[in-house]
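Text of upload05.txt, listed as compact mmCIF, C-alpha atoms and all ligand atoms:
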```txt
# COMPACT_ATOMS: atom_id res chain seq x y z
CA MET A 1 53.12 -43.69 210.40
CA GLU A 2 55.84 -42.68 207.91
CA ASP A 3 56.08 -38.95 207.12
CA GLY A 4 53.60 -37.87 204.44
CA LEU A 5 52.05 -41.32 204.24
CA LEU A 6 48.27 -40.96 204.08
CA ILE A 7 47.07 -44.42 203.13
CA GLN A 8 48.70 -47.80 203.57
CA TYR A 9 47.14 -51.09 202.46
CA ASP A 10 48.94 -54.37 203.13
CA HIS A 11 47.55 -57.62 201.73
CA VAL A 12 44.01 -56.26 201.71
CA GLU A 13 41.10 -58.28 200.42
CA ILE A 14 37.89 -56.64 199.32
CA CYS A 15 34.60 -58.48 198.91
CA ARG A 16 31.10 -57.56 197.73
CA LYS A 17 28.70 -60.04 199.30
CA GLU A 18 30.45 -63.41 198.77
CA LEU A 19 32.44 -62.27 195.74
CA VAL A 20 36.13 -61.48 196.18
CA VAL A 21 36.62 -58.30 194.14
CA LEU A 22 40.30 -57.62 194.87
CA LYS A 23 42.88 -59.61 196.79
CA ASP A 24 46.34 -58.93 198.13
CA VAL A 25 46.07 -55.18 197.57
CA ASN A 26 49.29 -53.40 198.54
CA PHE A 27 49.16 -49.66 198.15
CA LYS A 28 50.64 -46.51 199.64
CA LEU A 29 49.46 -42.96 199.06
CA TYR A 30 51.64 -39.99 199.99
CA SER A 31 50.60 -36.36 200.37
CA GLY A 32 50.55 -34.42 197.13
CA GLU A 33 50.29 -37.47 194.88
CA PHE A 34 47.87 -37.75 191.97
CA VAL A 35 46.79 -41.34 191.40
CA TYR A 36 44.53 -42.89 188.78
CA PHE A 37 42.77 -46.21 189.29
CA ILE A 38 42.04 -47.72 185.90
CA GLY A 39 40.66 -51.06 184.75
CA ARG A 40 37.67 -52.52 182.98
CA VAL A 41 34.09 -52.25 184.19
CA GLY A 42 33.49 -54.28 187.35
CA THR A 43 37.15 -54.83 188.24
CA GLY A 44 36.80 -53.18 191.65
CA LYS A 45 37.94 -49.56 191.31
CA SER A 46 34.89 -48.12 193.05
CA SER A 47 34.92 -50.85 195.68
CA LEU A 48 38.54 -50.04 196.49
CA LEU A 49 37.73 -46.33 196.89
CA LYS A 50 34.74 -47.23 199.04
CA THR A 51 36.94 -49.11 201.51
CA MET A 52 38.96 -45.89 201.91
CA TYR A 53 35.97 -43.97 203.26
CA ALA A 54 34.50 -46.93 205.11
CA GLU A 55 31.54 -47.43 202.81
CA ILE A 56 32.48 -51.09 202.54
CA PRO A 57 34.65 -52.98 205.01
CA VAL A 58 38.19 -54.29 204.69
CA VAL A 59 37.84 -58.00 205.44
CA GLU A 60 41.42 -59.22 205.25
CA GLY A 61 44.83 -57.59 205.62
CA GLU A 62 45.80 -54.28 207.20
CA ALA A 63 44.54 -50.90 206.05
CA SER A 64 45.22 -47.49 207.46
CA VAL A 65 43.69 -44.25 206.17
CA LEU A 66 44.86 -40.97 207.74
CA GLY A 67 45.81 -42.84 210.86
CA PHE A 68 42.48 -44.68 211.14
CA ASN A 69 42.74 -48.45 211.28
CA MET A 70 40.11 -49.49 208.75
CA LYS A 71 39.75 -53.00 210.17
CA SER A 72 38.93 -51.93 213.67
CA LEU A 73 37.16 -48.66 212.81
CA ARG A 74 34.02 -48.16 214.85
CA LYS A 75 30.83 -46.81 213.30
CA LYS A 76 31.00 -43.71 215.46
CA ASP A 77 34.46 -42.85 214.07
CA ILE A 78 33.31 -42.84 210.44
CA PRO A 79 32.11 -39.19 210.35
CA GLN A 80 35.46 -38.09 211.77
CA LEU A 81 37.31 -39.99 209.02
CA ARG A 82 35.02 -38.65 206.27
CA ARG A 83 35.55 -35.08 207.41
CA LYS A 84 39.20 -35.50 206.45
CA ILE A 85 38.44 -36.88 203.01
CA GLY A 86 36.77 -35.05 200.12
CA ILE A 87 34.52 -37.34 198.11
CA VAL A 88 33.48 -36.60 194.54
CA PHE A 89 30.93 -38.77 192.74
CA GLN A 90 30.15 -39.09 189.07
CA ASP A 91 26.49 -38.24 189.56
CA PHE A 92 27.03 -35.02 191.55
CA GLN A 93 24.58 -35.68 194.40
CA LEU A 94 23.94 -32.05 195.15
CA LEU A 95 20.79 -31.31 197.14
CA THR A 96 18.39 -30.20 194.42
CA ASP A 97 16.06 -28.18 196.63
CA ARG A 98 18.56 -25.49 197.59
CA SER A 99 21.09 -23.09 196.10
CA VAL A 100 24.80 -23.73 195.66
CA LYS A 101 25.57 -21.61 198.71
CA ASP A 102 23.02 -23.47 200.82
CA ASN A 103 24.41 -26.82 199.68
CA LEU A 104 27.82 -25.75 200.94
CA ASN A 105 26.48 -24.11 204.14
CA PHE A 106 24.63 -27.32 204.89
CA VAL A 107 27.82 -29.40 204.80
CA LEU A 108 29.71 -27.00 207.03
CA GLN A 109 26.89 -26.88 209.56
CA ALA A 110 26.59 -30.66 209.49
CA THR A 111 30.29 -30.96 210.22
CA GLY A 112 30.22 -28.72 213.24
CA TRP A 113 30.84 -25.18 211.93
CA LYS A 114 28.83 -22.68 213.98
CA ASN A 115 30.19 -19.18 213.28
CA LYS A 116 28.14 -17.59 210.45
CA ALA A 117 30.90 -15.25 209.27
CA GLU A 118 33.41 -18.11 209.13
CA ILE A 119 30.93 -20.25 207.19
CA THR A 120 30.32 -17.46 204.66
CA GLU A 121 34.03 -16.89 204.25
CA ARG A 122 34.85 -20.58 203.77
CA VAL A 123 32.06 -21.00 201.20
CA GLU A 124 33.42 -18.02 199.26
CA GLN A 125 36.96 -19.41 199.39
CA VAL A 126 36.05 -22.79 197.93
CA LEU A 127 33.85 -21.24 195.24
CA VAL A 128 36.77 -19.04 194.19
CA GLN A 129 39.05 -22.08 194.20
CA VAL A 130 36.85 -23.86 191.66
CA GLY A 131 36.07 -20.72 189.63
CA MET A 132 32.38 -20.61 190.58
CA GLN A 133 32.24 -17.47 192.72
CA ASN A 134 29.43 -16.03 190.57
CA LYS A 135 27.17 -19.04 190.97
CA ALA A 136 26.53 -19.03 194.71
CA TYR A 137 22.84 -18.20 194.35
CA LYS A 138 22.09 -20.59 191.50
CA MET A 139 20.04 -23.74 192.00
CA PRO A 140 21.77 -26.96 190.91
CA HIS A 141 19.40 -27.42 187.94
CA GLU A 142 20.44 -24.00 186.63
CA LEU A 143 24.03 -25.22 186.23
CA SER A 144 25.66 -27.28 183.50
CA GLY A 145 27.09 -30.71 184.31
CA GLY A 146 30.62 -29.32 184.44
CA GLU A 147 29.53 -26.49 186.73
CA GLN A 148 27.72 -28.92 189.02
CA GLN A 149 30.84 -31.04 189.19
CA ARG A 150 32.87 -27.95 190.15
CA ILE A 151 30.42 -27.32 192.99
CA VAL A 152 30.80 -30.94 194.10
CA ILE A 153 34.57 -30.42 194.16
CA ALA A 154 34.07 -27.18 196.13
CA ARG A 155 31.95 -29.16 198.58
CA ALA A 156 34.69 -31.77 198.88
CA LEU A 157 37.21 -29.03 199.68
CA LEU A 158 35.20 -27.38 202.47
CA ASN A 159 36.95 -29.06 205.37
CA SER A 160 40.43 -28.82 203.79
CA PRO A 161 40.81 -32.56 203.23
CA GLN A 162 44.18 -34.24 202.92
CA ILE A 163 42.78 -36.61 200.32
CA ILE A 164 40.20 -36.28 197.55
CA LEU A 165 38.62 -39.48 196.28
CA ALA A 166 36.90 -38.98 192.95
CA ASP A 167 34.92 -41.85 191.45
CA GLU A 168 34.64 -41.31 187.67
CA PRO A 169 34.33 -37.54 188.10
CA THR A 170 34.21 -37.01 184.34
CA GLY A 171 31.87 -39.92 183.60
CA ASN A 172 28.85 -37.72 182.83
CA LEU A 173 30.71 -34.88 181.12
CA ASP A 174 31.65 -34.08 177.54
CA PRO A 175 35.37 -34.49 176.75
CA GLN A 176 36.28 -30.80 177.00
CA THR A 177 34.45 -30.29 180.30
CA GLY A 178 35.97 -33.50 181.61
CA GLN A 179 39.39 -32.14 180.76
CA GLN A 180 38.68 -28.95 182.71
CA ILE A 181 37.58 -30.96 185.73
CA VAL A 182 40.74 -33.09 185.72
CA SER A 183 42.82 -29.96 185.27
CA LEU A 184 41.08 -28.49 188.32
CA LEU A 185 41.78 -31.65 190.34
CA HIS A 186 45.43 -31.44 189.32
CA SER A 187 45.67 -27.82 190.42
CA ILE A 188 44.14 -28.79 193.78
CA CYS A 189 46.72 -31.56 194.04
CA GLU A 190 49.48 -29.01 193.50
CA THR A 191 48.36 -27.26 196.68
CA GLY A 192 49.26 -30.46 198.59
CA THR A 193 46.01 -32.44 198.62
CA ALA A 194 46.44 -36.01 197.38
CA VAL A 195 43.93 -37.07 194.74
CA ILE A 196 42.80 -40.53 193.71
CA MET A 197 40.44 -40.73 190.76
CA THR A 198 38.98 -43.68 188.91
CA THR A 199 38.60 -43.33 185.18
CA HIS A 200 38.05 -45.14 181.91
CA ASN A 201 39.40 -42.20 179.95
CA HIS A 202 42.92 -42.92 178.71
CA ARG A 203 43.19 -39.60 176.92
CA LEU A 204 42.84 -37.75 180.21
CA VAL A 205 45.49 -39.96 181.78
CA GLU A 206 47.87 -39.17 178.92
CA GLU A 207 47.17 -35.47 179.06
CA PHE A 208 47.41 -35.08 182.84
CA PRO A 209 50.04 -37.55 184.02
CA GLY A 210 49.86 -39.19 187.42
CA ARG A 211 50.59 -42.49 189.09
CA LEU A 212 48.67 -45.24 187.38
CA LEU A 213 47.29 -48.35 189.09
CA LYS A 214 45.26 -50.94 187.32
CA CYS A 215 42.61 -53.33 188.65
CA GLU A 216 42.78 -56.55 186.70
CA ASN A 217 42.17 -60.23 187.52
CA LYS A 218 41.29 -59.28 191.11
CA CYS A 219 44.70 -57.61 191.58
CA LEU A 220 45.84 -54.02 191.82
CA SER A 221 49.17 -53.25 190.20
CA GLU A 222 51.25 -50.23 189.29
CA VAL A 223 51.40 -49.78 185.50
CA SER A 224 52.77 -47.24 183.03
CA LEU A 225 51.16 -45.81 179.92
N1 LIG B 1 26.34 -53.29 195.96
C1 LIG B 1 26.92 -54.36 195.45
N2 LIG B 1 26.60 -55.61 195.87
C2 LIG B 1 27.18 -56.69 195.37
N3 LIG B 1 28.14 -56.67 194.43
C3 LIG B 1 28.51 -55.48 193.97
C4 LIG B 1 27.94 -54.27 194.45
N4 LIG B 1 28.50 -53.24 193.80
C5 LIG B 1 29.40 -53.78 192.96
N5 LIG B 1 29.42 -55.11 193.05
C6 LIG B 1 30.27 -56.04 192.30
O1 LIG B 1 31.62 -55.82 192.67
C7 LIG B 1 32.47 -55.89 191.56
C8 LIG B 1 33.31 -54.63 191.46
O2 LIG B 1 32.47 -53.52 191.21
P1 LIG B 1 33.03 -52.04 191.21
O3 LIG B 1 31.83 -51.14 191.08
O4 LIG B 1 33.90 -51.85 192.36
O5 LIG B 1 33.88 -52.04 189.86
P2 LIG B 1 34.44 -50.82 189.04
O6 LIG B 1 35.77 -51.24 188.55
O7 LIG B 1 34.37 -49.58 189.83
O8 LIG B 1 33.41 -50.75 187.83
P3 LIG B 1 32.99 -49.47 186.95
O9 LIG B 1 34.16 -49.19 186.06
O10 LIG B 1 31.78 -49.97 186.21
O11 LIG B 1 32.64 -48.36 187.88
C9 LIG B 1 31.58 -56.13 190.34
O12 LIG B 1 31.63 -57.50 190.04
C10 LIG B 1 30.21 -55.75 190.81
O13 LIG B 1 29.24 -56.50 190.17
```

Starting from the file, give its structure as structure tokens.
Ligand SMILES: Nc1ncnc2c1ncn2[C@@H]1O[C@H](COP(=O)(O)OP(=O)(O)OP(=O)(O)O)[C@@H](O)[C@H]1O
Amino acid sequence: MEDGLLIQYDHVEICRKELVVLKDVNFKLYSGEFVYFIGRVGTGKSSLLKTMYAEIPVVEGEASVLGFNMKSLRKKDIPQLRRKIGIVFQDFQLLTDRSVKDNLNFVLQATGWKNKAEITERVEQVLVQVGMQNKAYKMPHELSGGEQQRIVIARALLNSPQIILADEPTGNLDPQTGQQIVSLLHSICETGTAVIMTTHNHRLVEEFPGRLLKCENKCLSEVSL
């Protein structure tokens, strides 16, 4: 694959059940890029992201994500792919029965980390990166929405992903907190991690510029503000 090329889609078609959601998707993502997927409700932004972490299949065309062929990907290869991608959801999805630190420990242990000191160090590093180093012992319900989203981003960073996929990461946040979260994602991007986020928020797109792609009429196209 071309140097720095992380994702390549050629003539990809994406379906949900019998419905064609997007067709002839052509897209390339390079390391360090910040990309927004925009478009009206139901136009396929989430579905497109989901094909990138093998949550839904690519039915037509050619798709490659971090060297994985998404058409011929076997079920047993999916965890290996997902370890290289950080995924951030709108609705946080932290485990509610354990502390921030234990949420993060859990992910590292589940992805093969064994050394306790290394686990502790990595958890500290990501908490510092998202400005949450003082919240390690808090339970998720003791945190604000913005703080929970920071922990979700910390969780996504644990295995030093080359790509972060964020589906409406500001959807449940007030405007100012949403701004801080996008600013954080941009600062992560500046360290070399590519970020794709879906959003309905045009103000954020204006304030924090990035590549803009729009889902419309079952097509994905590059647009400008
Ligand atoms: N689990 C599902 N089963 C069947 N169809 C689905 C499923 N999820 C979504 N769809 C359909 O796929 C289409 C694209 O949905 P998708 O969630 O990808 O759009 P979106 O652009 O992300 O929307 P939003 O802005 O609301 O998040 C919609 O028509 C939707 O109804």

Give me, as JSON lines, the closest atom pair and its distance (Å, one decimal) for every residue of chain A within a cut-off of 8 Å of ligand LIG 1 (chain B), counting only C-alpha atoms and all ligand atoms, rows sorted by chain and rising number.
```
{"residue": "A:Cys15", "atom": "CA", "partner": "B:LIG1", "partner_atom": "O1", "distance": 7.4}
{"residue": "A:Arg16", "atom": "CA", "partner": "B:LIG1", "partner_atom": "N3", "distance": 4.5}
{"residue": "A:Lys17", "atom": "CA", "partner": "B:LIG1", "partner_atom": "C2", "distance": 5.4}
{"residue": "A:Leu19", "atom": "CA", "partner": "B:LIG1", "partner_atom": "N3", "distance": 7.2}
{"residue": "A:Val21", "atom": "CA", "partner": "B:LIG1", "partner_atom": "C7", "distance": 5.4}
{"residue": "A:Ile38", "atom": "CA", "partner": "B:LIG1", "partner_atom": "O6", "distance": 7.7}
{"residue": "A:Gly39", "atom": "CA", "partner": "B:LIG1", "partner_atom": "O6", "distance": 6.2}
{"residue": "A:Arg40", "atom": "CA", "partner": "B:LIG1", "partner_atom": "O9", "distance": 5.7}
{"residue": "A:Val41", "atom": "CA", "partner": "B:LIG1", "partner_atom": "O9", "distance": 3.6}
{"residue": "A:Gly42", "atom": "CA", "partner": "B:LIG1", "partner_atom": "O5", "distance": 3.4}
{"residue": "A:Thr43", "atom": "CA", "partner": "B:LIG1", "partner_atom": "O6", "distance": 3.9}
{"residue": "A:Gly44", "atom": "CA", "partner": "B:LIG1", "partner_atom": "O4", "distance": 3.3}
{"residue": "A:Lys45", "atom": "CA", "partner": "B:LIG1", "partner_atom": "O7", "distance": 3.9}
{"residue": "A:Ser46", "atom": "CA", "partner": "B:LIG1", "partner_atom": "O7", "distance": 3.6}
{"residue": "A:Ser47", "atom": "CA", "partner": "B:LIG1", "partner_atom": "O4", "distance": 3.6}
{"residue": "A:Leu48", "atom": "CA", "partner": "B:LIG1", "partner_atom": "O4", "distance": 6.5}
{"residue": "A:Asp167", "atom": "CA", "partner": "B:LIG1", "partner_atom": "O11", "distance": 7.8}
{"residue": "A:Glu168", "atom": "CA", "partner": "B:LIG1", "partner_atom": "O11", "distance": 7.3}
{"residue": "A:Thr198", "atom": "CA", "partner": "B:LIG1", "partner_atom": "O7", "distance": 7.5}
{"residue": "A:Thr199", "atom": "CA", "partner": "B:LIG1", "partner_atom": "O9", "distance": 7.4}
{"residue": "A:His200", "atom": "CA", "partner": "B:LIG1", "partner_atom": "O9", "distance": 7.0}
{"residue": "A:Cys215", "atom": "CA", "partner": "B:LIG1", "partner_atom": "O6", "distance": 7.2}
```

Go ahead and write the selection's residues with C-alpha atoms as a PDB file, in the coordinates of the input.
```
ATOM      1  CA  CYS A  15      34.600 -58.480 198.910  1.00  0.00           C
ATOM      2  CA  ARG A  16      31.100 -57.560 197.730  1.00  0.00           C
ATOM      3  CA  LYS A  17      28.700 -60.040 199.300  1.00  0.00           C
ATOM      4  CA  LEU A  19      32.440 -62.270 195.740  1.00  0.00           C
ATOM      5  CA  VAL A  21      36.620 -58.300 194.140  1.00  0.00           C
ATOM      6  CA  ILE A  38      42.040 -47.720 185.900  1.00  0.00           C
ATOM      7  CA  GLY A  39      40.660 -51.060 184.750  1.00  0.00           C
ATOM      8  CA  ARG A  40      37.670 -52.520 182.980  1.00  0.00           C
ATOM      9  CA  VAL A  41      34.090 -52.250 184.190  1.00  0.00           C
ATOM     10  CA  GLY A  42      33.490 -54.280 187.350  1.00  0.00           C
ATOM     11  CA  THR A  43      37.150 -54.830 188.240  1.00  0.00           C
ATOM     12  CA  GLY A  44      36.800 -53.180 191.650  1.00  0.00           C
ATOM     13  CA  LYS A  45      37.940 -49.560 191.310  1.00  0.00           C
ATOM     14  CA  SER A  46      34.890 -48.120 193.050  1.00  0.00           C
ATOM     15  CA  SER A  47      34.920 -50.850 195.680  1.00  0.00           C
ATOM     16  CA  LEU A  48      38.540 -50.040 196.490  1.00  0.00           C
ATOM     17  CA  ASP A 167      34.920 -41.850 191.450  1.00  0.00           C
ATOM     18  CA  GLU A 168      34.640 -41.310 187.670  1.00  0.00           C
ATOM     19  CA  THR A 198      38.980 -43.680 188.910  1.00  0.00           C
ATOM     20  CA  THR A 199      38.600 -43.330 185.180  1.00  0.00           C
ATOM     21  CA  HIS A 200      38.050 -45.140 181.910  1.00  0.00           C
ATOM     22  CA  CYS A 215      42.610 -53.330 188.650  1.00  0.00           C
TER      23      CYS A 215
END
```

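Atom to atom, CA of Gly32 (chain A) and CA of Pro169 (chain A) stand 18.8 Å apart.
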
Could you work out how far CA of Val223 (chain A) lies from CA of Leu173 (chain A), giving the answer in Å with one decimal?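 Between CA of Leu173 (chain A) and CA of Val223 (chain A) the gap works out to 25.9 Å.
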
- Item | Within 10 Å of Asn201 (chain A) using all atoms listed in the file, minus same-chain residues under 5 positions, as a ChimeraX atom specification | /A:38,168,170-171,175,178,206

Skipping near chain neighbours, those fewer than 2 positions away, what residues fall within 6 Å of region 56-67 of chain A using all atoms listed in the file, listed as a VMD selection string? chain A and resid 6 to 14 50 to 51 54 69 to 71

Would you compute the distance between CA of Ser183 (chain A) and CA of Lys218 (chain A)? Give it in Å to one decimal.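 Spanning CA of Ser183 (chain A) to CA of Lys218 (chain A) is a straight-line distance of 29.9 Å.
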
Next on the checklist: Env of Gly112 (chain A): 12 Å cut, atoms = only C-alpha atoms, seq-sep filter 5 positions within chain, self excluded. Answer as JSON, numbers by chain.
Outcome noted: {"A": [79, 80, 83, 105, 106, 107, 118, 119, 158, 159]}

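Each of A:Cys219, A:Leu108, A:Leu225, A:Arg82 was compared to Val20 (chain A) using all atoms listed in the file, and A:Cys219 turns out to be the nearest.
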
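Among the candidate residues A:Thr96, A:Gln162, A:Gln125, A:Ser221, the one lying nearest to Cys189 (chain A) is A:Gln162, with distances computed using all atoms listed in the file.
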
Selected residue of minimal separation from Glu147 (chain A) among A:Val100, A:Glu124, A:Thr111, A:Gly192, counting all atoms listed in the file:
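Answer, going by the shortest atom-to-atom distance: A:Val100.
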
(Q) I'd like the contact shell of Leu127 (chain A) - 12 Å cut-off, only C-alpha atoms, skipping same-chain residues fewer than 4 positions apart - returned as number ranges by chain. (A) A: 100-101, 103-105, 120-123, 131-137, 147-158

Same residues, C-alpha atoms, saved as an mmCIF file, in the frame of the given file:
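New file out-v8.cif:
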```
data_model
loop_
_atom_site.group_PDB
_atom_site.id
_atom_site.type_symbol
_atom_site.label_atom_id
_atom_site.label_comp_id
_atom_site.auth_asym_id
_atom_site.auth_seq_id
_atom_site.Cartn_x
_atom_site.Cartn_y
_atom_site.Cartn_z
ATOM 1 C CA VAL A 100 24.800 -23.730 195.660
ATOM 2 C CA LYS A 101 25.570 -21.610 198.710
ATOM 3 C CA ASN A 103 24.410 -26.820 199.680
ATOM 4 C CA LEU A 104 27.820 -25.750 200.940
ATOM 5 C CA ASN A 105 26.480 -24.110 204.140
ATOM 6 C CA THR A 120 30.320 -17.460 204.660
ATOM 7 C CA GLU A 121 34.030 -16.890 204.250
ATOM 8 C CA ARG A 122 34.850 -20.580 203.770
ATOM 9 C CA VAL A 123 32.060 -21.000 201.200
ATOM 10 C CA GLY A 131 36.070 -20.720 189.630
ATOM 11 C CA MET A 132 32.380 -20.610 190.580
ATOM 12 C CA GLN A 133 32.240 -17.470 192.720
ATOM 13 C CA ASN A 134 29.430 -16.030 190.570
ATOM 14 C CA LYS A 135 27.170 -19.040 190.970
ATOM 15 C CA ALA A 136 26.530 -19.030 194.710
ATOM 16 C CA TYR A 137 22.840 -18.200 194.350
ATOM 17 C CA GLU A 147 29.530 -26.490 186.730
ATOM 18 C CA GLN A 148 27.720 -28.920 189.020
ATOM 19 C CA GLN A 149 30.840 -31.040 189.190
ATOM 20 C CA ARG A 150 32.870 -27.950 190.150
ATOM 21 C CA ILE A 151 30.420 -27.320 192.990
ATOM 22 C CA VAL A 152 30.800 -30.940 194.100
ATOM 23 C CA ILE A 153 34.570 -30.420 194.160
ATOM 24 C CA ALA A 154 34.070 -27.180 196.130
ATOM 25 C CA ARG A 155 31.950 -29.160 198.580
ATOM 26 C CA ALA A 156 34.690 -31.770 198.880
ATOM 27 C CA LEU A 157 37.210 -29.030 199.680
ATOM 28 C CA LEU A 158 35.200 -27.380 202.470
#
```

Query - Spatial sel., origin (26.3, -35.9, 184.1), limit 6 Å, all atoms listed in the file, listed as an NGL selection string - result: :A and (91 or 145 or 172-173)
